[in-house]
>>> print(open('input13.cif').read())   # mmCIF, C-alpha atoms and all ligand atoms
data_entry
#
loop_
_atom_site.label_atom_id
_atom_site.label_comp_id
_atom_site.auth_asym_id
_atom_site.auth_seq_id
_atom_site.Cartn_x
_atom_site.Cartn_y
_atom_site.Cartn_z
CA MET A 19 126.67 27.61 80.11
CA GLU A 20 124.14 29.31 82.39
CA LYS A 21 125.16 32.67 80.91
CA ARG A 22 124.65 31.31 77.40
CA LEU A 23 121.26 30.03 78.38
CA ALA A 24 120.37 33.56 79.53
CA LEU A 25 120.65 34.71 75.89
CA PHE A 26 117.77 32.42 74.90
CA PRO A 27 114.08 33.44 74.96
CA ILE A 28 112.37 33.75 78.33
CA THR A 29 110.47 30.46 78.13
CA THR A 30 113.62 28.40 77.42
CA LYS A 31 114.10 25.43 79.73
CA ILE A 32 116.38 22.46 79.90
CA VAL A 33 114.28 19.30 80.22
CA ALA A 34 116.21 16.05 80.60
CA GLY A 35 119.25 17.85 79.18
CA LYS A 36 117.39 19.10 76.08
CA ILE A 37 116.39 22.65 75.15
CA THR A 38 112.69 23.45 75.09
CA ILE A 39 111.26 26.82 74.03
CA GLY A 40 107.62 27.75 74.55
CA ASP A 41 107.29 24.25 76.08
CA CYS A 42 108.13 22.79 72.67
CA ASP A 43 110.98 20.32 72.34
CA VAL A 44 113.50 21.90 69.94
CA ALA A 45 114.89 18.57 68.70
CA GLY A 46 111.36 17.34 68.01
CA MET A 47 110.58 20.47 66.00
CA ALA A 48 113.81 20.12 64.02
CA ASP A 49 112.87 16.53 63.16
CA ARG A 50 109.37 17.58 62.15
CA PHE A 51 110.09 20.78 60.22
CA GLY A 52 113.69 20.22 59.11
CA THR A 53 116.70 22.47 59.55
CA PRO A 54 117.78 25.23 59.37
CA LEU A 55 114.77 26.23 61.43
CA TYR A 56 113.86 29.56 62.99
CA LEU A 57 111.76 29.63 66.17
CA TYR A 58 110.13 32.71 67.66
CA ASP A 59 108.98 32.62 71.26
CA GLN A 60 105.63 34.39 71.56
CA ASP A 61 106.07 35.14 75.29
CA ASP A 62 109.45 36.75 74.73
CA MET A 63 108.08 39.07 72.03
CA ASP A 64 105.01 39.94 74.11
CA SER A 65 107.10 40.68 77.15
CA ALA A 66 109.56 42.93 75.25
CA ALA A 67 106.53 44.81 73.87
CA GLN A 68 105.07 45.16 77.36
CA VAL A 69 108.35 46.56 78.70
CA TYR A 70 108.30 49.37 76.11
CA ARG A 71 104.61 50.06 76.73
CA SER A 72 104.91 50.31 80.48
CA LEU A 73 108.06 52.44 80.32
CA LEU A 74 106.44 54.92 77.96
CA ASN A 75 103.36 55.03 80.18
CA ALA A 76 105.59 55.76 83.15
CA TYR A 77 108.01 58.23 81.55
CA TRP A 78 106.06 60.13 78.89
CA PRO A 79 103.16 62.36 79.92
CA GLU A 80 101.91 63.09 76.40
CA ARG A 81 100.82 60.86 73.50
CA TRP A 82 103.30 58.20 72.42
CA SER A 83 103.48 55.39 69.89
CA ILE A 84 105.71 52.42 69.37
CA THR A 85 106.60 51.78 65.76
CA TYR A 86 108.03 48.33 65.10
CA ALA A 87 110.91 48.56 62.60
CA GLY A 88 109.72 46.04 60.02
CA LYS A 89 113.21 45.69 58.59
CA ALA A 90 114.14 43.58 61.63
CA PHE A 91 111.75 40.84 60.43
CA LEU A 92 108.41 41.31 58.75
CA CYS A 93 105.95 38.71 57.57
CA THR A 94 102.15 38.61 57.70
CA ALA A 95 101.96 37.08 61.17
CA ILE A 96 104.49 39.50 62.65
CA ALA A 97 102.56 42.43 61.14
CA GLU A 98 99.40 40.96 62.72
CA TRP A 99 101.25 40.75 66.03
CA THR A 100 102.08 44.48 65.83
CA LEU A 101 98.39 45.16 65.31
CA LYS A 102 97.51 43.22 68.48
CA GLN A 103 100.19 45.14 70.37
CA GLY A 104 98.74 48.45 69.19
CA PHE A 105 102.00 49.28 67.40
CA MET A 106 102.67 51.05 64.15
CA VAL A 107 105.03 49.52 61.61
CA ASP A 108 107.92 51.27 59.93
CA CYS A 109 108.01 50.06 56.33
CA THR A 110 110.83 50.59 53.87
CA GLY A 111 109.36 50.60 50.39
CA ALA A 112 106.40 49.09 48.58
CA GLY A 113 107.31 45.51 49.58
CA GLU A 114 107.11 46.02 53.33
CA ILE A 115 104.08 48.31 52.88
CA GLY A 116 102.43 45.46 50.93
CA ILE A 117 103.08 42.95 53.73
CA ALA A 118 101.73 45.32 56.38
CA ALA A 119 98.63 46.22 54.36
CA ASN A 120 97.99 42.56 53.55
CA ALA A 121 98.07 41.79 57.28
CA GLY A 122 95.28 44.31 57.83
CA LEU A 123 97.18 47.30 59.18
CA SER A 124 95.29 50.49 58.57
CA SER A 125 96.96 53.57 57.18
CA GLU A 126 97.41 55.23 60.61
CA ASN A 127 99.61 52.31 61.59
CA ILE A 128 101.97 52.44 58.61
CA ILE A 129 104.95 54.81 58.54
CA VAL A 130 107.12 54.81 55.44
CA HIS A 131 110.88 55.25 55.44
CA GLY A 132 113.46 54.99 52.69
CA VAL A 133 116.41 56.93 51.37
CA ASN A 134 115.54 56.58 47.68
CA LYS A 135 111.84 55.84 47.45
CA SER A 136 110.84 54.80 43.96
CA ALA A 137 107.66 55.96 42.26
CA GLU A 138 106.15 52.59 43.21
CA ASP A 139 107.20 53.08 46.86
CA LEU A 140 105.66 56.55 46.94
CA GLN A 141 102.45 55.41 45.30
CA ALA A 142 102.13 52.55 47.82
CA ALA A 143 102.85 55.00 50.64
CA ILE A 144 100.18 57.42 49.42
CA LYS A 145 97.67 54.59 49.08
CA TYR A 146 98.35 52.65 52.31
CA ALA A 147 100.34 54.76 54.77
CA GLY A 148 99.41 57.41 57.32
CA THR A 149 102.88 58.96 57.42
CA ILE A 150 105.74 59.40 54.98
CA VAL A 151 109.13 60.29 56.41
CA VAL A 152 110.63 62.34 53.59
CA ASP A 153 114.34 61.74 53.20
CA ASN A 154 115.38 64.46 50.76
CA GLN A 155 114.30 67.45 48.69
CA SER A 156 113.85 65.61 45.39
CA GLU A 157 111.63 63.02 47.09
CA LEU A 158 109.58 65.88 48.51
CA GLU A 159 109.13 67.37 45.05
CA ARG A 160 108.09 63.98 43.64
CA ILE A 161 105.51 63.57 46.40
CA ILE A 162 104.09 67.01 45.75
CA HIS A 163 103.86 66.15 42.08
CA LEU A 164 102.29 62.72 42.66
CA GLY A 165 99.97 63.83 45.40
CA LYS A 166 98.44 66.90 43.72
CA THR A 167 95.03 65.32 43.42
CA THR A 168 95.26 62.83 46.28
CA ASN A 169 94.92 63.07 50.02
CA LEU A 170 98.50 62.88 51.18
CA PRO A 171 99.69 61.06 54.29
CA LYS A 172 101.23 63.11 57.09
CA ILE A 173 104.63 64.45 56.14
CA TRP A 174 107.57 64.20 58.53
CA LEU A 175 111.10 65.17 57.56
CA ARG A 176 114.12 62.93 58.15
CA PHE A 177 116.79 64.93 59.94
CA GLN A 178 120.48 64.08 59.78
CA PRO A 179 121.74 65.43 63.10
CA GLY A 180 125.43 65.22 62.19
CA SER A 181 126.35 62.62 64.82
CA SER A 182 125.92 58.86 65.14
CA VAL A 183 125.72 56.44 68.03
CA ALA A 184 128.67 54.18 68.88
CA THR A 185 128.20 51.03 66.84
CA HIS A 186 129.57 49.26 63.75
CA SER A 187 130.18 51.85 61.02
CA TYR A 188 127.81 49.96 58.67
CA THR A 189 124.91 50.64 61.02
CA GLN A 190 125.68 54.28 61.84
CA THR A 191 123.19 56.61 60.19
CA GLY A 192 123.26 60.07 61.78
CA HIS A 193 126.66 61.52 60.83
CA SER A 194 127.06 64.32 58.31
CA ASP A 195 128.15 62.01 55.46
CA SER A 196 125.43 59.45 56.08
CA LYS A 197 123.23 58.76 53.07
CA PHE A 198 120.15 59.20 55.27
CA GLY A 199 118.19 62.38 55.82
CA MET A 200 118.69 66.12 55.43
CA ASN A 201 120.96 68.40 57.42
CA TYR A 202 119.70 71.43 59.32
CA GLU A 203 119.71 73.83 56.38
CA GLN A 204 118.26 71.26 53.98
CA ILE A 205 115.38 70.66 56.39
CA LEU A 206 114.64 74.39 56.48
CA GLN A 207 114.67 74.41 52.68
CA ALA A 208 112.25 71.46 52.65
CA VAL A 209 109.99 73.30 55.10
CA LYS A 210 109.87 76.26 52.70
CA THR A 211 108.95 73.93 49.81
CA CYS A 212 106.19 72.38 51.89
CA ARG A 213 104.78 75.74 52.89
CA LYS A 214 104.89 77.07 49.33
CA ASN A 215 102.81 74.04 48.26
CA GLY A 216 100.37 74.17 51.15
CA LEU A 217 101.70 70.92 52.56
CA PRO A 218 101.70 70.77 56.37
CA ILE A 219 104.79 69.28 58.02
CA GLU A 220 103.75 67.40 61.08
CA GLY A 221 106.94 65.96 62.47
CA LEU A 222 110.65 65.30 62.54
CA HIS A 223 112.46 61.98 62.56
CA PHE A 224 116.07 61.04 63.08
CA HIS A 225 117.88 57.77 63.67
CA GLN A 226 121.56 57.76 64.58
CA GLY A 227 122.28 54.06 64.21
CA SER A 228 121.51 50.57 65.45
CA GLN A 229 122.74 48.17 68.12
CA PHE A 230 124.09 50.80 70.51
CA ARG A 231 124.27 50.54 74.30
CA ASP A 232 125.19 54.10 75.23
CA PRO A 233 122.27 56.49 74.68
CA GLU A 234 124.44 59.61 75.25
CA PRO A 235 124.88 60.56 71.52
CA ILE A 236 121.09 60.68 71.15
CA GLY A 237 121.18 63.68 73.52
CA ASP A 238 122.92 65.61 70.76
CA GLY A 239 120.41 64.43 68.14
CA ILE A 240 117.51 65.46 70.38
CA ASP A 241 119.04 68.86 71.04
CA ARG A 242 119.56 69.61 67.36
CA ALA A 243 116.10 68.28 66.44
CA LEU A 244 114.41 70.45 69.08
CA GLU A 245 116.33 73.49 67.90
CA LEU A 246 115.03 72.75 64.42
CA ALA A 247 111.50 72.21 65.73
CA LYS A 248 111.64 75.63 67.40
CA GLU A 249 112.83 77.26 64.17
CA ILE A 250 110.14 75.48 62.13
CA GLY A 251 107.65 76.74 64.71
CA PHE A 252 105.75 73.57 65.58
CA ALA A 253 102.73 74.54 67.67
CA SER A 254 100.81 72.26 70.01
CA GLU A 255 100.46 69.10 67.88
CA TRP A 256 103.67 67.74 66.48
CA HIS A 257 105.48 64.42 66.17
CA LEU A 258 109.06 63.56 67.04
CA SER A 259 110.80 60.23 66.49
CA PRO A 260 114.37 59.66 67.65
CA GLY A 261 114.28 56.34 65.73
CA GLY A 262 115.23 53.02 67.26
CA GLY A 263 118.41 51.02 67.54
CA TRP A 264 118.62 50.15 71.24
CA GLY A 265 121.09 47.29 71.56
CA ILE A 266 120.79 43.78 72.89
CA ALA A 267 123.23 41.14 74.08
CA TYR A 268 124.15 38.65 71.35
CA HIS A 269 126.92 36.89 73.25
CA GLU A 270 127.45 35.97 76.91
CA ASP A 271 130.24 38.57 77.04
CA ASP A 272 127.60 41.24 76.22
CA LEU A 273 125.48 40.34 79.27
CA PRO A 274 123.69 41.79 81.15
CA GLN A 275 121.06 42.80 78.59
CA PRO A 276 121.10 46.60 78.13
CA PRO A 277 118.06 47.74 80.17
CA THR A 278 115.37 49.28 77.96
CA GLU A 279 114.56 51.59 80.88
CA GLN A 280 117.94 53.32 80.52
CA TYR A 281 117.13 54.10 76.88
CA VAL A 282 113.54 55.26 77.41
CA ASN A 283 114.45 57.28 80.49
CA PHE A 284 117.32 59.03 78.67
CA ILE A 285 115.23 59.96 75.65
CA THR A 286 112.16 61.13 77.53
CA GLU A 287 114.12 63.20 80.08
CA ASN A 288 116.16 64.88 77.34
CA ILE A 289 113.10 65.72 75.27
CA LYS A 290 111.20 67.03 78.29
CA SER A 291 114.03 69.31 79.40
CA GLY A 292 114.89 70.38 75.83
CA CYS A 293 111.27 71.36 75.14
CA LYS A 294 110.98 73.23 78.42
CA LYS A 295 114.17 75.18 77.73
CA ARG A 296 112.84 76.27 74.33
CA GLY A 297 109.19 76.82 75.27
CA LEU A 298 108.15 74.01 72.90
CA ALA A 299 105.06 71.89 73.41
CA LEU A 300 105.88 68.27 74.14
CA PRO A 301 105.59 66.24 70.94
CA HIS A 302 103.73 63.03 70.27
CA LEU A 303 106.74 60.76 70.87
CA HIS A 304 107.43 57.81 68.59
CA LEU A 305 110.01 55.13 69.40
CA GLU A 306 111.02 52.77 66.62
CA PRO A 307 112.59 49.62 68.04
CA GLY A 308 113.21 46.59 65.87
CA ARG A 309 115.80 44.20 67.26
CA SER A 310 115.08 44.96 70.93
CA LEU A 311 111.53 43.67 70.34
CA VAL A 312 112.21 40.49 68.38
CA ALA A 313 115.90 39.52 68.28
CA LYS A 314 115.97 37.66 71.60
CA ALA A 315 112.70 35.88 70.82
CA GLY A 316 114.33 34.18 67.81
CA VAL A 317 116.50 31.06 67.82
CA ALA A 318 118.11 29.47 64.77
CA VAL A 319 118.47 25.69 64.82
CA TYR A 320 120.95 23.90 62.56
CA ARG A 321 122.15 20.35 62.08
CA VAL A 322 125.86 19.60 62.05
CA GLY A 323 126.70 17.70 58.86
CA THR A 324 130.47 17.41 59.02
CA VAL A 325 133.06 17.88 61.73
CA LYS A 326 136.35 18.76 60.07
CA GLN A 327 139.81 19.30 61.50
CA THR A 328 142.15 21.70 59.66
CA ALA A 329 145.65 22.83 60.61
CA SER A 330 144.53 24.64 63.73
CA ILE A 331 140.72 24.75 63.68
CA THR A 332 137.95 22.27 64.44
CA TRP A 333 135.04 23.14 62.16
CA LEU A 334 131.40 22.29 62.79
CA LEU A 335 129.93 22.52 59.30
CA ILE A 336 126.20 23.10 59.54
CA ASP A 337 123.29 23.20 57.09
CA GLY A 338 122.76 26.97 57.19
CA GLY A 339 124.98 30.03 57.31
CA MET A 340 125.33 33.34 55.53
CA ALA A 341 122.25 32.70 53.35
CA ASP A 342 119.95 32.81 56.39
CA ASN A 343 122.23 34.90 58.62
CA PRO A 344 124.64 37.26 56.86
CA ARG A 345 125.38 39.30 60.01
CA HIS A 346 128.75 37.76 60.85
CA ALA A 347 129.88 38.12 57.24
CA LEU A 348 128.56 41.70 57.08
CA TYR A 349 129.51 43.16 60.45
CA GLY A 350 131.57 40.51 62.19
CA ALA A 351 128.57 40.03 64.53
CA ARG A 352 129.50 37.76 67.45
CA TYR A 353 127.06 34.98 68.33
CA SER A 354 126.88 32.20 70.89
CA CYS A 355 125.54 28.68 70.71
CA LEU A 356 124.39 25.61 72.66
CA PRO A 357 123.97 22.01 71.56
CA VAL A 358 120.24 21.20 71.57
CA GLU A 359 120.77 17.98 73.56
CA ARG A 360 123.07 17.60 76.57
CA ALA A 361 122.93 21.36 76.30
CA MET A 362 124.56 22.30 79.58
CA GLU A 363 127.59 20.01 79.47
CA PRO A 364 130.76 22.05 79.94
CA PRO A 365 132.99 22.83 76.95
CA THR A 366 135.74 20.41 76.01
CA GLU A 367 137.03 22.06 72.84
CA THR A 368 136.96 25.29 70.87
CA VAL A 369 135.35 25.26 67.42
CA ASN A 370 134.40 27.44 64.47
CA ILE A 371 130.87 27.04 63.15
CA ALA A 372 130.46 27.56 59.42
CA GLY A 373 127.85 27.09 56.73
CA PRO A 374 127.75 25.06 53.52
CA TYR A 375 128.06 27.96 51.06
CA CYS A 376 130.95 28.64 48.67
CA GLU A 377 132.48 31.57 50.51
CA SER A 378 135.26 31.41 53.06
CA GLY A 379 133.36 34.19 54.82
CA ASP A 380 130.38 31.87 55.34
CA VAL A 381 131.13 31.53 59.05
CA LEU A 382 128.60 32.11 61.83
CA ILE A 383 130.77 31.75 64.93
CA GLU A 384 134.54 31.79 65.45
CA GLN A 385 136.38 30.22 68.36
CA ILE A 386 133.54 29.19 70.63
CA PRO A 387 134.10 26.71 73.47
CA MET A 388 131.64 23.78 73.10
CA ARG A 389 131.31 20.23 74.36
CA THR A 390 132.39 17.80 71.64
CA VAL A 391 129.57 17.85 69.10
CA ALA A 392 129.21 14.91 66.73
CA GLU A 393 127.95 14.83 63.15
CA ASN A 394 124.15 14.79 62.94
CA GLU A 395 123.70 16.65 66.24
CA LEU A 396 121.65 19.86 66.47
CA ILE A 397 122.88 23.23 67.64
CA ALA A 398 120.84 26.32 68.56
CA ILE A 399 122.03 29.90 68.06
CA PRO A 400 120.18 32.41 70.27
CA VAL A 401 119.35 36.06 69.50
CA SER A 402 118.50 35.20 65.91
CA GLY A 403 115.21 37.04 65.59
CA ALA A 404 116.30 40.27 63.86
CA TYR A 405 118.06 41.07 60.58
CA GLN A 406 118.58 37.40 59.75
CA ILE A 407 115.53 36.04 57.92
CA SER A 408 114.85 39.59 56.69
CA MET A 409 118.35 39.72 55.15
CA SER A 410 118.36 36.12 53.94
CA SER A 411 119.11 35.13 50.36
CA ASN A 412 118.97 32.24 47.91
CA TYR A 413 122.75 32.15 47.55
CA ASN A 414 123.95 28.80 46.17
CA GLY A 415 120.30 27.88 45.72
CA ALA A 416 119.65 28.05 49.47
CA ARG A 417 115.99 27.75 50.34
CA ARG A 418 114.91 30.09 53.10
CA PRO A 419 114.15 28.21 56.34
CA ALA A 420 110.76 27.59 57.89
CA VAL A 421 109.85 30.04 60.65
CA LEU A 422 107.73 28.91 63.60
CA LEU A 423 106.04 30.69 66.47
CA VAL A 424 106.18 28.61 69.65
CA ASN A 425 103.90 29.04 72.61
CA ASN A 426 102.47 26.80 75.34
CA GLY A 427 103.61 23.57 73.74
CA LYS A 428 102.31 24.48 70.27
CA ALA A 429 104.31 25.37 67.17
CA HIS A 430 102.64 27.47 64.52
CA VAL A 431 104.20 27.93 61.06
CA LEU A 432 104.72 31.64 60.26
CA GLN A 433 106.62 31.00 57.05
CA GLU A 434 107.02 27.73 55.22
CA ARG A 435 110.40 26.52 54.07
CA GLU A 436 111.13 27.50 50.47
CA ASN A 437 111.44 24.61 48.05
CA ILE A 438 113.35 24.00 44.84
CA ALA A 439 110.39 25.15 42.71
CA ASP A 440 110.48 28.52 44.53
CA LEU A 441 114.01 28.96 43.21
CA PHE A 442 112.96 28.95 39.55
CA ARG A 443 109.45 30.41 39.99
CA ARG A 444 110.56 33.72 38.38
CA ASP A 445 112.70 32.14 35.67
CA GLN A 446 111.89 32.06 31.96
CA HIS A 447 113.53 29.71 29.46
CA GLY A 448 116.36 31.48 27.64
CA ASP A 449 116.69 31.79 23.89
CA THR A 450 120.33 30.75 23.94
C1 LIG B 501 114.89 54.52 60.55
C2 LIG B 501 115.11 53.34 61.41
N1 LIG B 501 114.33 53.17 62.48
C3 LIG B 501 114.47 52.10 63.29
C4 LIG B 501 115.44 51.16 63.06
C5 LIG B 501 115.50 49.99 63.99
O1 LIG B 501 116.74 49.69 64.53
P1 LIG B 501 116.85 48.48 65.53
O2 LIG B 501 116.27 47.30 64.87
O3 LIG B 501 118.31 48.33 65.76
O4 LIG B 501 116.08 48.87 66.76
C6 LIG B 501 116.29 51.31 61.97
C7 LIG B 501 117.34 50.33 61.69
O5 LIG B 501 118.12 50.41 60.78
C8 LIG B 501 116.12 52.42 61.11
O6 LIG B 501 116.91 52.61 60.05
#
>>> encode(input="input13.cif", output="structure tokens", more="lines below")
Ligand SMILES: Cc1ncc(COP(=O)(O)O)c(C=O)c1O
Amino acid sequence: MEKRLALFPITTKIVAGKITIGDCDVAGMADRFGTPLYLYDQDDMDSAAQVYRSLLNAYWPERWSITYAGKAFLCTAIAEWTLKQGFMVDCTGAGEIGIAANAGLSSENIIVHGVNKSAEDLQAAIKYAGTIVVDNQSELERIIHLGKTTNLPKIWLRFQPGSSVATHSYTQTGHSDSKFGMNYEQILQAVKTCRKNGLPIEGLHFHQGSQFRDPEPIGDGIDRALELAKEIGFASEWHLSPGGGWGIAYHEDDLPQPPTEQYVNFITENIKSGCKKRGLALPHLHLEPGRSLVAKAGVAVYRVGTVKQTASITWLLIDGGMADNPRHALYGARYSCLPVERAMEPPTETVNIAGPYCESGDVLIEQIPMRTVAENELIAIPVSGAYQISMSSNYNGARRPAVLLVNNGKAHVLQERENIADLFRRDQHGDT
């Protein structure tokens, strides 16, 4: 149980047997705000941010930036948090750009990604962003066309290095059949197009996948990107981003947490030696973490509605599932869990935890040892801060949960719970 507790945010305590986070009583918050409920621990987010900042200060002698990957979870308050941290935000498309701009981020702090940016995405990028990471040649031509009379953001090119990190195949992005980016020759072609149109290229970006623990494959990506940089002929001022994707522990079997230092050290040392070998100036280095900044800060709280015994499985049926967290259904992601009260009592049985939705795949956790949990009790699933709310849906009329920031005994609503009226807000009466 102690190992499970280590997956929770840094301020988590057990007080009289009950979980508190940010000195807020989790059961009390569930009663007040309802369940499913998502809690973000401010101290945990701040401390993850500080770890990246101090490592880059220690390991990188030139300019660096941290770009929060908004896809992990973006809302107005999180975008405001990135501003306070001095981070940039990576936005995919007009929607995320809109959230970031609405939160007050200036153009220098917005970087735009996307494999098939629509005209609306590109127009939003040109209006609000400081950098567009161009994914392919036809996008480049559309930008040139759109931007003829406008001041264009900085242009970086998205490189597909031909290798991915070791992770689930759905989150690998660097291999030669990945839908993301341009290969070596395609980048050189894009460079020619830029030069012909008087468009300066200021940087290269690649991302080989997410939720990896072994940085080794990034060495290959860095090598290929630096070779390309040399051929492009970047002079003193240029930008390089090896993306994000550093992994975190979701389950006690994944502990200890992969040390961020291992990741930052590997990347910076490889870029330094690769640049030296090729006589290249050190780039302005951009790291793009998402989950390793916010996943551990987030906890999902659910209420058990029904305990059901089937032929060989005891099911805890809870009031949320794949609509607020599709990661088990999508990637078989493995989570852990504690009861919110009498949290540290040793397990007495093994259960599956599943949601209320009409899919057999609506399961959050399989075969987890737990103390006997009764109907109406609360459970808390740690490491719920990334790619859950941002991937949530209204399946079966689910209303997205409330999201709270907890700190020093205070809970602040970041996002209200959706209500039934939100479900038909876009609907028109049919003429049937
Ligand atoms: C281009 C890019 N950068 C950064 C990230 C962030 O990855 P993670 O949240 O795993 O750090 C992703 C994730 O898909 C990405 O596609």
>>> residues_near_ligand(input="input13.cif", ligand="ligand LIG 501 (chain B)", cutoff="7 Å", atoms="all atoms listed in the file", output="ChimeraX atom specification")
/A:87,89-90,131,189,225,227-229,261-265,306-310
>>> residues_around(input="input13.cif", residues="A:Ser330", least_positions_apart="5", cutoff="12 Å", atoms="all atoms listed in the file", output="JSON, numbers by chain")
{"A": [368, 369, 370, 385]}
>>> closest_residue(input="input13.cif", among="A:Ala267, A:Ile219, A:Met47, A:Met63", to="A:Gly251", atoms="only C-alpha atoms")
A:Ile219
>>> residues_around(input="input13.cif", residues="A:Trp333", least_positions_apart="3", cutoff="8 Å", atoms="all atoms listed in the file", output="PDB file with C-alpha atoms, in the frame of the given file")
ATOM      1  CA  THR A 324     130.470  17.410  59.020  1.00  0.00           C
ATOM      2  CA  VAL A 325     133.060  17.880  61.730  1.00  0.00           C
ATOM      3  CA  LYS A 326     136.350  18.760  60.070  1.00  0.00           C
ATOM      4  CA  GLN A 327     139.810  19.300  61.500  1.00  0.00           C
ATOM      5  CA  THR A 328     142.150  21.700  59.660  1.00  0.00           C
ATOM      6  CA  VAL A 369     135.350  25.260  67.420  1.00  0.00           C
ATOM      7  CA  ASN A 370     134.400  27.440  64.470  1.00  0.00           C
ATOM      8  CA  ILE A 371     130.870  27.040  63.150  1.00  0.00           C
ATOM      9  CA  ALA A 372     130.460  27.560  59.420  1.00  0.00           C
TER      10      ALA A 372
END
>>> closest_residue(input="input13.cif", among="A:Pro365, A:Gly339, A:Gly297, A:Gly448", to="A:Ala253", atoms="only C-alpha atoms")
A:Gly297
>>> closest_atom_pairs(input="input13.cif", of="stretch 197-295 of chain A", to="stretch 140-153 of chain A", cutoff="10 Å", atoms="only C-alpha atoms", output="tab-separated table")
residue	atom	partner	partner_atom	distance
A:Lys197	CA	A:Asp153	CA	9.4
A:Phe198	CA	A:Asp153	CA	6.7
A:Gly199	CA	A:Asp153	CA	4.7
A:Met200	CA	A:Asp153	CA	6.6
A:Ile205	CA	A:Asp153	CA	9.5
A:Ala208	CA	A:Val152	CA	9.3
A:Glu220	CA	A:Thr149	CA	9.2
A:Gly221	CA	A:Val151	CA	8.6
A:Leu222	CA	A:Val151	CA	8.1
A:His223	CA	A:Val151	CA	7.2
A:Phe224	CA	A:Val151	CA	9.7
>>> closest_residue(input="input13.cif", among="A:Lys36, A:Lys290, A:His186, A:Arg71", to="A:Arg231", atoms="only C-alpha atoms")
A:His186
>>> closest_atom_pairs(input="input13.cif", of="stretch 222-340 of chain A", to="stretch 20-31 of chain A", cutoff="12 Å", atoms="all atoms listed in the file", output="tab-separated table")
residue	atom	partner	partner_atom	distance
A:Ile266	CA	A:Leu25	CA	9.6
A:Ala267	CA	A:Leu25	CA	7.2
A:Tyr268	CA	A:Leu25	CA	7.0
A:His269	CA	A:Leu25	CA	7.1
A:Glu270	CA	A:Arg22	CA	5.5
A:Asp271	CA	A:Lys21	CA	8.7
A:Asp272	CA	A:Leu25	CA	9.5
A:Leu273	CA	A:Lys21	CA	7.8
A:Pro274	CA	A:Ala24	CA	9.0
A:Gln275	CA	A:Leu25	CA	8.5
A:Leu311	CA	A:Pro27	CA	11.5
A:Val312	CA	A:Pro27	CA	9.8
A:Ala313	CA	A:Pro27	CA	9.2
A:Lys314	CA	A:Pro27	CA	5.7
A:Ala315	CA	A:Pro27	CA	5.0
A:Gly316	CA	A:Pro27	CA	7.2
A:Val317	CA	A:Phe26	CA	7.3
A:Ala318	CA	A:Phe26	CA	10.6
>>> closest_residue(input="input13.cif", among="A:Ile386, A:Ala76, A:Ile285, A:Leu300", to="A:Ile240", atoms="only C-alpha atoms")
A:Ile285
>>> atom_distance(input="input13.cif", atom1="atom CA of A:Cys293", atom2="atom CA of A:Arg81")
14.9 Å
>>> residues_near_point(input="input13.cif", point="(127.2, 55.3, 71.5)", cutoff="7 Å", atoms="all atoms listed in the file", output="list of chain:residue names")
A:Val183, A:Ala184, A:Thr185, A:Phe230, A:Arg231, A:Asp232, A:Pro233, A:Glu234, A:Pro235
